[in-house]
$ cat target-v9.cif   # mmCIF, C-alpha atoms
data_run
#
loop_
_atom_site.label_atom_id
_atom_site.label_comp_id
_atom_site.auth_asym_id
_atom_site.auth_seq_id
_atom_site.Cartn_x
_atom_site.Cartn_y
_atom_site.Cartn_z
CA MET A 5 24.22 -9.18 0.06
CA GLN A 6 25.77 -8.68 -3.35
CA TYR A 7 29.42 -9.19 -4.20
CA MET A 8 31.40 -8.32 -7.31
CA LEU A 9 33.83 -11.02 -8.39
CA LEU A 10 36.55 -9.46 -10.57
CA ILE A 11 38.38 -12.03 -12.68
CA TYR A 12 42.08 -11.49 -13.36
CA GLU A 13 44.23 -13.74 -15.50
CA SER A 14 47.43 -13.27 -17.44
CA GLU A 15 46.46 -12.58 -21.06
CA ALA A 16 49.89 -13.83 -22.14
CA GLN A 17 49.17 -17.16 -20.42
CA ALA A 18 45.69 -17.31 -21.95
CA LEU A 19 47.15 -16.82 -25.43
CA ARG A 20 49.38 -19.86 -24.95
CA ARG A 21 46.41 -22.19 -24.46
CA SER A 22 45.70 -24.64 -27.28
CA GLN A 23 42.32 -24.43 -29.00
CA SER A 24 41.12 -27.54 -27.15
CA GLU A 25 42.30 -26.19 -23.77
CA GLN A 26 40.52 -22.91 -24.51
CA GLY A 27 37.39 -24.81 -25.56
CA LYS A 28 37.43 -26.74 -22.26
CA LEU A 29 37.81 -23.52 -20.26
CA VAL A 30 34.90 -21.87 -22.08
CA GLN A 31 32.84 -24.99 -21.36
CA SER A 32 33.79 -24.82 -17.66
CA PHE A 33 32.73 -21.17 -17.56
CA MET A 34 29.40 -21.99 -19.20
CA THR A 35 28.77 -24.76 -16.65
CA PHE A 36 29.77 -22.48 -13.76
CA THR A 37 27.48 -19.68 -15.02
CA GLN A 38 24.61 -22.12 -15.57
CA ASN A 39 24.98 -23.45 -11.99
CA LEU A 40 25.06 -19.89 -10.66
CA VAL A 41 21.86 -19.05 -12.55
CA SER A 42 20.14 -22.28 -11.40
CA SER A 43 21.01 -21.56 -7.77
CA GLY A 44 19.42 -18.09 -8.07
CA LYS A 45 22.69 -16.39 -7.09
CA MET A 46 23.56 -14.80 -10.45
CA ARG A 47 22.90 -11.06 -10.60
CA GLY A 48 25.02 -10.09 -13.57
CA GLY A 49 28.30 -10.45 -15.32
CA ASP A 50 30.23 -9.83 -18.48
CA ARG A 51 33.31 -10.91 -20.29
CA LEU A 52 35.49 -7.98 -21.36
CA GLU A 53 37.59 -7.43 -24.45
CA ARG A 54 41.37 -7.64 -23.93
CA SER A 55 43.03 -5.00 -21.78
CA THR A 56 44.76 -3.59 -24.89
CA THR A 57 41.35 -2.28 -25.98
CA ALA A 58 41.02 -0.21 -22.79
CA THR A 59 41.10 3.59 -22.73
CA THR A 60 41.71 5.54 -19.54
CA VAL A 61 39.92 8.86 -19.27
CA ARG A 62 40.77 11.81 -17.04
CA VAL A 63 39.29 15.32 -16.97
CA HIS A 64 41.38 18.28 -15.86
CA ASN A 65 40.10 21.86 -16.00
CA GLY A 66 37.28 20.77 -18.28
CA LYS A 67 39.64 19.06 -20.72
CA THR A 68 39.35 15.34 -21.40
CA THR A 69 42.48 13.26 -21.88
CA ALA A 70 42.07 9.70 -23.13
CA ILE A 71 45.08 7.41 -22.87
CA ASP A 72 45.26 4.00 -24.55
CA GLY A 73 45.50 1.09 -22.16
CA PRO A 74 44.09 0.05 -18.81
CA PHE A 75 44.28 2.14 -15.63
CA ALA A 76 47.02 -0.07 -14.16
CA GLU A 77 49.64 -2.27 -15.79
CA THR A 78 49.43 -5.54 -13.90
CA LYS A 79 50.82 -9.06 -14.38
CA GLU A 80 47.28 -10.36 -14.61
CA GLN A 81 44.55 -8.40 -16.39
CA LEU A 82 40.86 -7.93 -15.71
CA GLY A 83 38.94 -10.19 -18.10
CA GLY A 84 35.43 -10.14 -16.74
CA TYR A 85 33.26 -10.10 -13.66
CA TYR A 86 30.23 -11.62 -11.99
CA ILE A 87 27.79 -9.97 -9.58
CA VAL A 88 26.52 -12.64 -7.19
CA GLU A 89 24.13 -12.85 -4.28
CA ALA A 90 25.73 -14.49 -1.26
CA GLY A 91 24.78 -14.84 2.40
CA ASP A 92 28.16 -13.61 3.55
CA LEU A 93 31.79 -13.17 2.52
CA ASP A 94 32.56 -16.86 3.17
CA GLU A 95 29.94 -17.90 0.65
CA ALA A 96 31.16 -15.29 -1.86
CA ILE A 97 34.71 -16.64 -1.48
CA ALA A 98 33.46 -20.22 -1.99
CA ILE A 99 31.72 -19.14 -5.21
CA ALA A 100 34.83 -17.21 -6.35
CA ALA A 101 36.99 -20.30 -5.80
CA ARG A 102 34.77 -22.24 -8.25
CA ILE A 103 35.32 -19.76 -11.11
CA PRO A 104 37.50 -21.66 -13.60
CA SER A 105 40.02 -18.79 -13.75
CA ALA A 106 40.55 -18.99 -9.96
CA GLU A 107 42.92 -21.88 -10.74
CA LEU A 108 44.85 -19.85 -13.32
CA GLY A 109 44.73 -16.30 -12.00
CA SER A 110 43.07 -14.35 -9.19
CA ILE A 111 39.54 -13.37 -8.26
CA GLU A 112 38.95 -10.17 -6.29
CA VAL A 113 35.81 -10.31 -4.16
CA ARG A 114 34.29 -6.90 -3.35
CA PRO A 115 31.06 -6.15 -1.51
CA VAL A 116 28.67 -4.07 -3.61
CA MET A 117 27.53 -0.98 -1.73
CA GLN A 118 23.94 -1.24 -0.58
CA ILE A 119 22.12 1.91 -1.59
CA PRO A 120 19.40 2.86 0.90
CA LYS A 121 16.09 3.21 -0.92
CA MET B 19 27.84 -1.76 -28.20
CA GLN B 20 28.34 -2.11 -24.46
CA TYR B 21 31.23 -0.64 -22.48
CA MET B 22 32.29 -1.07 -18.89
CA LEU B 23 33.32 2.11 -17.08
CA LEU B 24 35.61 1.30 -14.15
CA LEU B 25 35.79 4.22 -11.72
CA TYR B 26 39.10 4.77 -9.94
CA GLU B 27 39.82 7.42 -7.36
CA SER B 28 42.21 7.76 -4.45
CA GLU B 29 40.26 6.75 -1.35
CA ALA B 30 42.60 9.02 0.64
CA THR B 31 41.56 12.00 -1.55
CA ALA B 32 37.89 11.08 -1.20
CA ALA B 33 38.20 10.84 2.59
CA LYS B 34 39.54 14.42 2.69
CA ARG B 35 36.40 15.90 1.08
CA SER B 36 34.17 18.01 3.28
CA GLN B 37 30.63 16.87 3.87
CA ALA B 38 29.35 19.55 1.46
CA GLU B 39 31.83 18.50 -1.26
CA GLN B 40 30.86 14.86 -0.74
CA ALA B 41 27.17 15.74 -1.02
CA GLU B 42 27.83 17.64 -4.27
CA ILE B 43 29.72 14.66 -5.79
CA HIS B 44 26.90 12.37 -4.71
CA ARG B 45 24.32 14.68 -6.30
CA ARG B 46 26.26 14.72 -9.58
CA PHE B 47 26.52 10.92 -9.55
CA MET B 48 22.78 10.59 -9.04
CA ALA B 49 22.13 13.11 -11.86
CA LEU B 50 24.41 11.25 -14.29
CA ASN B 51 22.85 7.93 -13.32
CA GLN B 52 19.41 9.42 -14.01
CA ASP B 53 20.56 10.88 -17.34
CA LEU B 54 22.02 7.53 -18.45
CA SER B 55 18.80 5.75 -17.47
CA SER B 56 16.58 8.30 -19.23
CA ALA B 57 18.70 8.06 -22.38
CA GLY B 58 18.42 4.26 -22.30
CA LYS B 59 22.20 4.02 -22.00
CA ARG B 60 22.41 2.55 -18.49
CA VAL B 61 22.70 -1.24 -18.55
CA GLY B 62 23.96 -1.71 -15.01
CA GLY B 63 26.32 -0.47 -12.37
CA SER B 64 26.94 0.01 -8.72
CA PRO B 65 29.26 1.64 -6.24
CA LEU B 66 31.52 -0.77 -4.34
CA GLU B 67 32.56 -0.87 -0.72
CA ARG B 68 36.08 0.42 0.01
CA SER B 69 39.05 -1.54 -1.32
CA SER B 70 40.01 -2.46 2.27
CA THR B 71 36.94 -4.76 2.27
CA ALA B 72 38.26 -6.73 -0.72
CA THR B 73 39.46 -10.33 -0.53
CA THR B 74 41.54 -11.91 -3.27
CA VAL B 75 40.91 -15.58 -3.96
CA ARG B 76 43.06 -18.14 -5.77
CA ALA B 77 42.41 -21.85 -6.18
CA ARG B 78 45.53 -23.97 -6.45
CA ASP B 79 45.80 -27.78 -6.27
CA GLY B 80 42.25 -28.01 -5.01
CA LYS B 81 42.92 -25.57 -2.17
CA THR B 82 41.41 -22.09 -1.79
CA LEU B 83 43.90 -19.39 -0.84
CA THR B 84 42.58 -16.00 0.30
CA THR B 85 44.40 -12.77 0.99
CA ASP B 86 42.89 -9.61 2.44
CA GLY B 87 42.87 -6.63 0.14
CA PRO B 88 42.37 -5.95 -3.55
CA PHE B 89 44.12 -7.81 -6.38
CA ALA B 90 46.50 -4.90 -7.00
CA GLU B 91 47.75 -2.15 -4.70
CA THR B 92 47.29 1.01 -6.71
CA LYS B 93 47.42 4.75 -5.98
CA GLU B 94 43.79 5.03 -7.01
CA GLN B 95 41.26 2.35 -6.10
CA LEU B 96 38.25 0.89 -7.88
CA GLY B 97 35.15 2.44 -6.35
CA GLY B 98 32.37 1.42 -8.70
CA TYR B 99 31.39 0.70 -12.27
CA TRP B 100 28.78 1.26 -14.91
CA ILE B 101 27.86 -0.84 -17.92
CA ILE B 102 26.69 1.54 -20.60
CA GLU B 103 25.35 1.35 -24.12
CA ALA B 104 27.27 3.58 -26.53
CA ALA B 105 27.46 3.71 -30.31
CA ASP B 106 31.24 3.69 -30.33
CA LEU B 107 34.35 4.27 -28.21
CA LYS B 108 34.13 8.02 -28.82
CA GLU B 109 30.69 8.20 -27.23
CA ALA B 110 31.81 5.93 -24.39
CA ILE B 111 34.77 8.25 -23.69
CA ALA B 112 32.45 11.29 -23.75
CA LEU B 113 30.18 9.60 -21.18
CA ALA B 114 33.19 8.57 -19.07
CA ALA B 115 34.32 12.20 -19.02
CA ARG B 116 31.00 13.14 -17.39
CA VAL B 117 31.65 10.86 -14.42
CA PRO B 118 32.28 13.24 -11.47
CA THR B 119 35.38 11.33 -10.34
CA ALA B 120 36.93 11.58 -13.83
CA GLU B 121 38.02 15.01 -12.51
CA SER B 122 39.61 13.67 -9.32
CA GLY B 123 40.62 10.17 -10.46
CA CYS B 124 40.11 8.33 -13.73
CA VAL B 125 37.69 6.11 -15.60
CA GLU B 126 38.83 3.04 -17.49
CA VAL B 127 36.64 2.31 -20.52
CA ARG B 128 36.55 -1.34 -21.64
CA PRO B 129 34.45 -2.85 -24.42
CA VAL B 130 32.22 -5.68 -23.20
CA MET B 131 32.68 -8.84 -25.26
CA LYS B 132 29.68 -9.75 -27.37
CA ILE B 133 28.86 -13.37 -26.67
CA PRO B 134 27.38 -14.98 -29.78
CA GLY B 135 23.98 -16.56 -29.35
#
$ encode --input "target-v9.cif" --output "C-alpha cells"
Amino acid sequence: MQYMLLIYESEAQALRRSQSEQGKLVQSFMTFTQNLVSSGKMRGGDRLERSTTATTVRVHNGKTTAIDGPFAETKEQLGGYYIVEAGDLDEAIAIAARIPSAELGSIEVRPVMQIPK
Amino acid sequence: MQYMLLLYESEATAAKRSQAEQAEIHRRFMALNQDLSSAGKRVGGSPLERSSTATTVRARDGKTLTTDGPFAETKEQLGGYWIIEAADLKEAIALAARVPTAESGCVEVRPVMKIPG
C-alpha cells in the first residue's frame, strides 16, 4: 500500500535556523531518505520551493485565473513530500514520525488511491 | 523545470455529482494523464484517498502524536497531484488549467526544488 507523506513546517521558523542548524537538518533528511531507499520503501518524493512561489489556478466559464500564493494560508506550509510503501497505516505513521521535520512541524499521512489495472 | 500540481476540490461537491458526471470527469482525467505522458511531461502523480482517511503526525520530545484528519481543515480538500515537466510557470499554469477539477475547485502550482548533484 502506498502513502503520501506531506511535510508541513513554518517557513518563518525555518528562516530563523542558523546555517549550521540548517546543515544538520539537511544531513538528517539525506540520512532519512537514504534509509528509506535502502529499505525498499521509497517510491518518490520532492522538495518544493517556498510557498510564496505558488500560483493557484481556477477556471471559470473557460477563463483561467491565476492568483499568486498557495491554495490555503496556513501557519505551517507544505515544503515537500514522500511517497512510501508501507504494510499499513501504523507503519506509514512510524515512517512519518522519523522525518526530521516531524519534530518541527507536521506530517500529513494520506493513502494513495489504488487504481485498478 | 518540474512543477507540482496540487488538486483541490470540495469533497462535498464531488459527492453530489451524478454517476454520469463522475464518469465524464474520470474520462477527462484519464485523457489528460495520457496527453501528459505522450508529451513526455508527466513525471509522476496519483489520486489520493479522501481527506477523512488522513492522519497528521507530529514527533515531540521523542513521542509520536497522531490526530485523525488532514493537516488543515479547508473548504476544498487535496484529492491528488501531478509532477509535471514544463518550460516555465506560464506553461505549468496552462497545463493546470486543463485539469478537469480546475473548473470545480483549484490547482496549486508549485515549483519543485532542483537538488544539486
$ atom_distance --input "target-v9.cif" --atom1 "atom CA of Glu77 of chain A" --atom2 "atom CA of Val113 of chain A"
19.8 Å
$ resolve_selection --input "target-v9.cif" --expression "the PyMOL selection byres ((chain B) within 7 of (chain A))" --output "JSON, numbers by chain"
{"B": [64, 65, 66, 67, 71, 72, 73, 74, 75, 76, 77, 78, 82, 88, 89, 111, 114, 115, 120, 121, 123, 124, 125, 126, 127, 128, 129, 130, 131]}
$ atom_distance --input "target-v9.cif" --atom1 "atom CA of Thr85 of chain B" --atom2 "atom CA of Glu29 of chain B"
20.1 Å
$ resolve_selection --input "target-v9.cif" --expression "the PyMOL selection byres ((chain B and resi 95-102) around 7)" --output "list in words"
Gln20, Tyr21, Met22, Leu23, Leu24, Leu25, Tyr26, Glu27, Ser28, Glu29, Lys59, Arg60, Val61, Gly62, Gly63, Ser64, Pro65, Leu66, Arg68, Ser69, Thr92, Lys93, Glu94, Glu103 and Ala104 of chain B
$ atom_distance --input "target-v9.cif" --atom1 "atom CA of Gly87 of chain B" --atom2 "atom CA of Thr31 of chain B"
18.8 Å
$ residues_around --input "target-v9.cif" --residues "segment 32-46 of chain B" --least-positions-apart "2" --cutoff "9 Å" --atoms "all atoms listed in the file" --output "number ranges by chain"
B: 27-30, 48-51, 117-119, 122
$ closest_atom_pairs --input "target-v9.cif" --of "segment 74-95 of chain A" --to "segment 40-47 of chain A" --cutoff "6 Å" --atoms "all atoms listed in the file" --output "tab-separated table"
residue	atom	partner	partner_atom	distance
A:Ile87	CA	A:Arg47	CA	5.1
A:Val88	CA	A:Met46	CA	4.9
A:Glu89	CA	A:Lys45	CA	4.7
$ decode --input "target-v9.cif" --residues "segment 46-91 of chain A" --atoms "N, CA and C atoms" --output "compact mmCIF listing (two decimals), in the first residue's frame"
# COMPACT_ATOMS: atom_id res chain seq x y z
N MET A 46 10.95 3.51 -0.48
CA MET A 46 10.86 4.82 -1.13
C MET A 46 10.25 4.67 -2.51
N ARG A 47 9.17 5.41 -2.78
CA ARG A 47 8.55 5.37 -4.11
C ARG A 47 8.66 6.71 -4.83
N GLY A 48 8.96 7.77 -4.09
CA GLY A 48 9.10 9.06 -4.73
C GLY A 48 9.15 10.16 -3.69
N GLY A 49 9.39 11.35 -4.17
CA GLY A 49 9.42 12.48 -3.24
C GLY A 49 10.10 13.67 -3.86
N ASP A 50 9.80 14.81 -3.34
CA ASP A 50 10.39 16.05 -3.83
C ASP A 50 10.41 17.07 -2.71
N ARG A 51 11.36 17.99 -2.84
CA ARG A 51 11.33 19.17 -2.00
C ARG A 51 10.74 20.27 -2.88
N LEU A 52 9.92 21.13 -2.30
CA LEU A 52 9.26 22.18 -3.09
C LEU A 52 9.87 23.54 -2.79
N GLU A 53 9.78 24.43 -3.75
CA GLU A 53 10.18 25.82 -3.50
C GLU A 53 9.19 26.43 -2.50
N ARG A 54 9.60 27.54 -1.89
CA ARG A 54 8.79 28.18 -0.85
C ARG A 54 7.35 28.46 -1.30
N SER A 55 6.46 28.51 -0.35
CA SER A 55 5.03 28.68 -0.68
C SER A 55 4.76 30.02 -1.38
N THR A 56 5.67 30.99 -1.22
CA THR A 56 5.48 32.28 -1.89
C THR A 56 5.63 32.15 -3.41
N THR A 57 6.20 31.04 -3.87
CA THR A 57 6.36 30.83 -5.32
C THR A 57 5.13 30.13 -5.91
N ALA A 58 4.16 29.81 -5.06
CA ALA A 58 2.98 29.08 -5.53
C ALA A 58 2.03 29.98 -6.32
N THR A 59 1.31 29.37 -7.23
CA THR A 59 0.25 30.05 -8.00
C THR A 59 -0.99 29.17 -7.91
N THR A 60 -2.12 29.75 -7.65
CA THR A 60 -3.34 28.95 -7.57
C THR A 60 -4.24 29.26 -8.76
N VAL A 61 -4.58 28.20 -9.47
CA VAL A 61 -5.26 28.32 -10.77
C VAL A 61 -6.71 27.84 -10.65
N ARG A 62 -7.62 28.66 -11.17
CA ARG A 62 -9.03 28.25 -11.27
C ARG A 62 -9.53 28.58 -12.67
N VAL A 63 -10.47 27.79 -13.16
CA VAL A 63 -11.06 28.02 -14.48
C VAL A 63 -12.56 28.20 -14.31
N HIS A 64 -13.06 29.34 -14.76
CA HIS A 64 -14.50 29.58 -14.72
C HIS A 64 -14.96 30.02 -16.10
N ASN A 65 -15.97 29.34 -16.62
CA ASN A 65 -16.51 29.64 -17.96
C ASN A 65 -15.39 29.74 -19.00
N GLY A 66 -14.46 28.82 -18.92
CA GLY A 66 -13.38 28.78 -19.91
C GLY A 66 -12.27 29.79 -19.69
N LYS A 67 -12.41 30.60 -18.64
CA LYS A 67 -11.38 31.62 -18.38
C LYS A 67 -10.51 31.20 -17.21
N THR A 68 -9.20 31.31 -17.39
CA THR A 68 -8.25 30.90 -16.36
C THR A 68 -7.89 32.10 -15.48
N THR A 69 -8.02 31.93 -14.17
CA THR A 69 -7.49 32.96 -13.26
C THR A 69 -6.36 32.33 -12.47
N ALA A 70 -5.24 33.04 -12.42
CA ALA A 70 -4.07 32.55 -11.67
C ALA A 70 -3.76 33.57 -10.58
N ILE A 71 -3.82 33.12 -9.34
CA ILE A 71 -3.60 34.00 -8.19
C ILE A 71 -2.29 33.62 -7.52
N ASP A 72 -1.46 34.62 -7.20
CA ASP A 72 -0.20 34.34 -6.52
C ASP A 72 -0.46 33.78 -5.13
N GLY A 73 0.32 32.79 -4.76
CA GLY A 73 0.24 32.25 -3.41
C GLY A 73 -0.39 30.88 -3.38
N PRO A 74 -0.21 30.19 -2.25
CA PRO A 74 -0.74 28.82 -2.14
C PRO A 74 -2.26 28.83 -2.00
N PHE A 75 -2.84 27.65 -2.17
CA PHE A 75 -4.28 27.46 -2.06
C PHE A 75 -4.80 27.94 -0.71
N ALA A 76 -4.10 27.59 0.36
CA ALA A 76 -4.56 27.95 1.71
C ALA A 76 -3.44 28.63 2.48
N GLU A 77 -3.78 29.69 3.20
CA GLU A 77 -2.81 30.34 4.08
C GLU A 77 -2.82 29.56 5.39
N THR A 78 -1.73 28.95 5.72
CA THR A 78 -1.67 28.15 6.94
C THR A 78 -0.44 28.55 7.75
N LYS A 79 -0.46 28.21 9.04
CA LYS A 79 0.65 28.58 9.94
C LYS A 79 1.92 27.84 9.54
N GLU A 80 1.73 26.60 9.09
CA GLU A 80 2.84 25.83 8.55
C GLU A 80 2.57 25.62 7.06
N GLN A 81 3.64 25.54 6.28
CA GLN A 81 3.48 25.48 4.82
C GLN A 81 4.04 24.16 4.27
N LEU A 82 3.42 23.70 3.21
CA LEU A 82 3.90 22.48 2.55
C LEU A 82 5.29 22.73 1.98
N GLY A 83 6.23 21.85 2.33
CA GLY A 83 7.62 22.04 1.88
C GLY A 83 8.14 20.88 1.07
N GLY A 84 7.38 19.80 1.04
CA GLY A 84 7.83 18.64 0.29
C GLY A 84 6.98 17.44 0.63
N TYR A 85 7.31 16.32 0.02
CA TYR A 85 6.53 15.10 0.26
C TYR A 85 7.38 13.88 -0.04
N TYR A 86 6.96 12.77 0.51
CA TYR A 86 7.50 11.45 0.14
C TYR A 86 6.31 10.58 -0.26
N ILE A 87 6.52 9.66 -1.19
CA ILE A 87 5.58 8.56 -1.42
C ILE A 87 6.30 7.31 -0.91
N VAL A 88 5.67 6.61 0.03
CA VAL A 88 6.32 5.43 0.62
C VAL A 88 5.43 4.21 0.49
N GLU A 89 6.07 3.07 0.52
CA GLU A 89 5.38 1.78 0.55
C GLU A 89 5.34 1.34 2.00
N ALA A 90 4.18 1.04 2.51
CA ALA A 90 4.08 0.59 3.90
C ALA A 90 3.03 -0.50 4.01
N GLY A 91 3.21 -1.40 4.96
CA GLY A 91 2.29 -2.52 5.12
C GLY A 91 0.90 -2.05 5.53
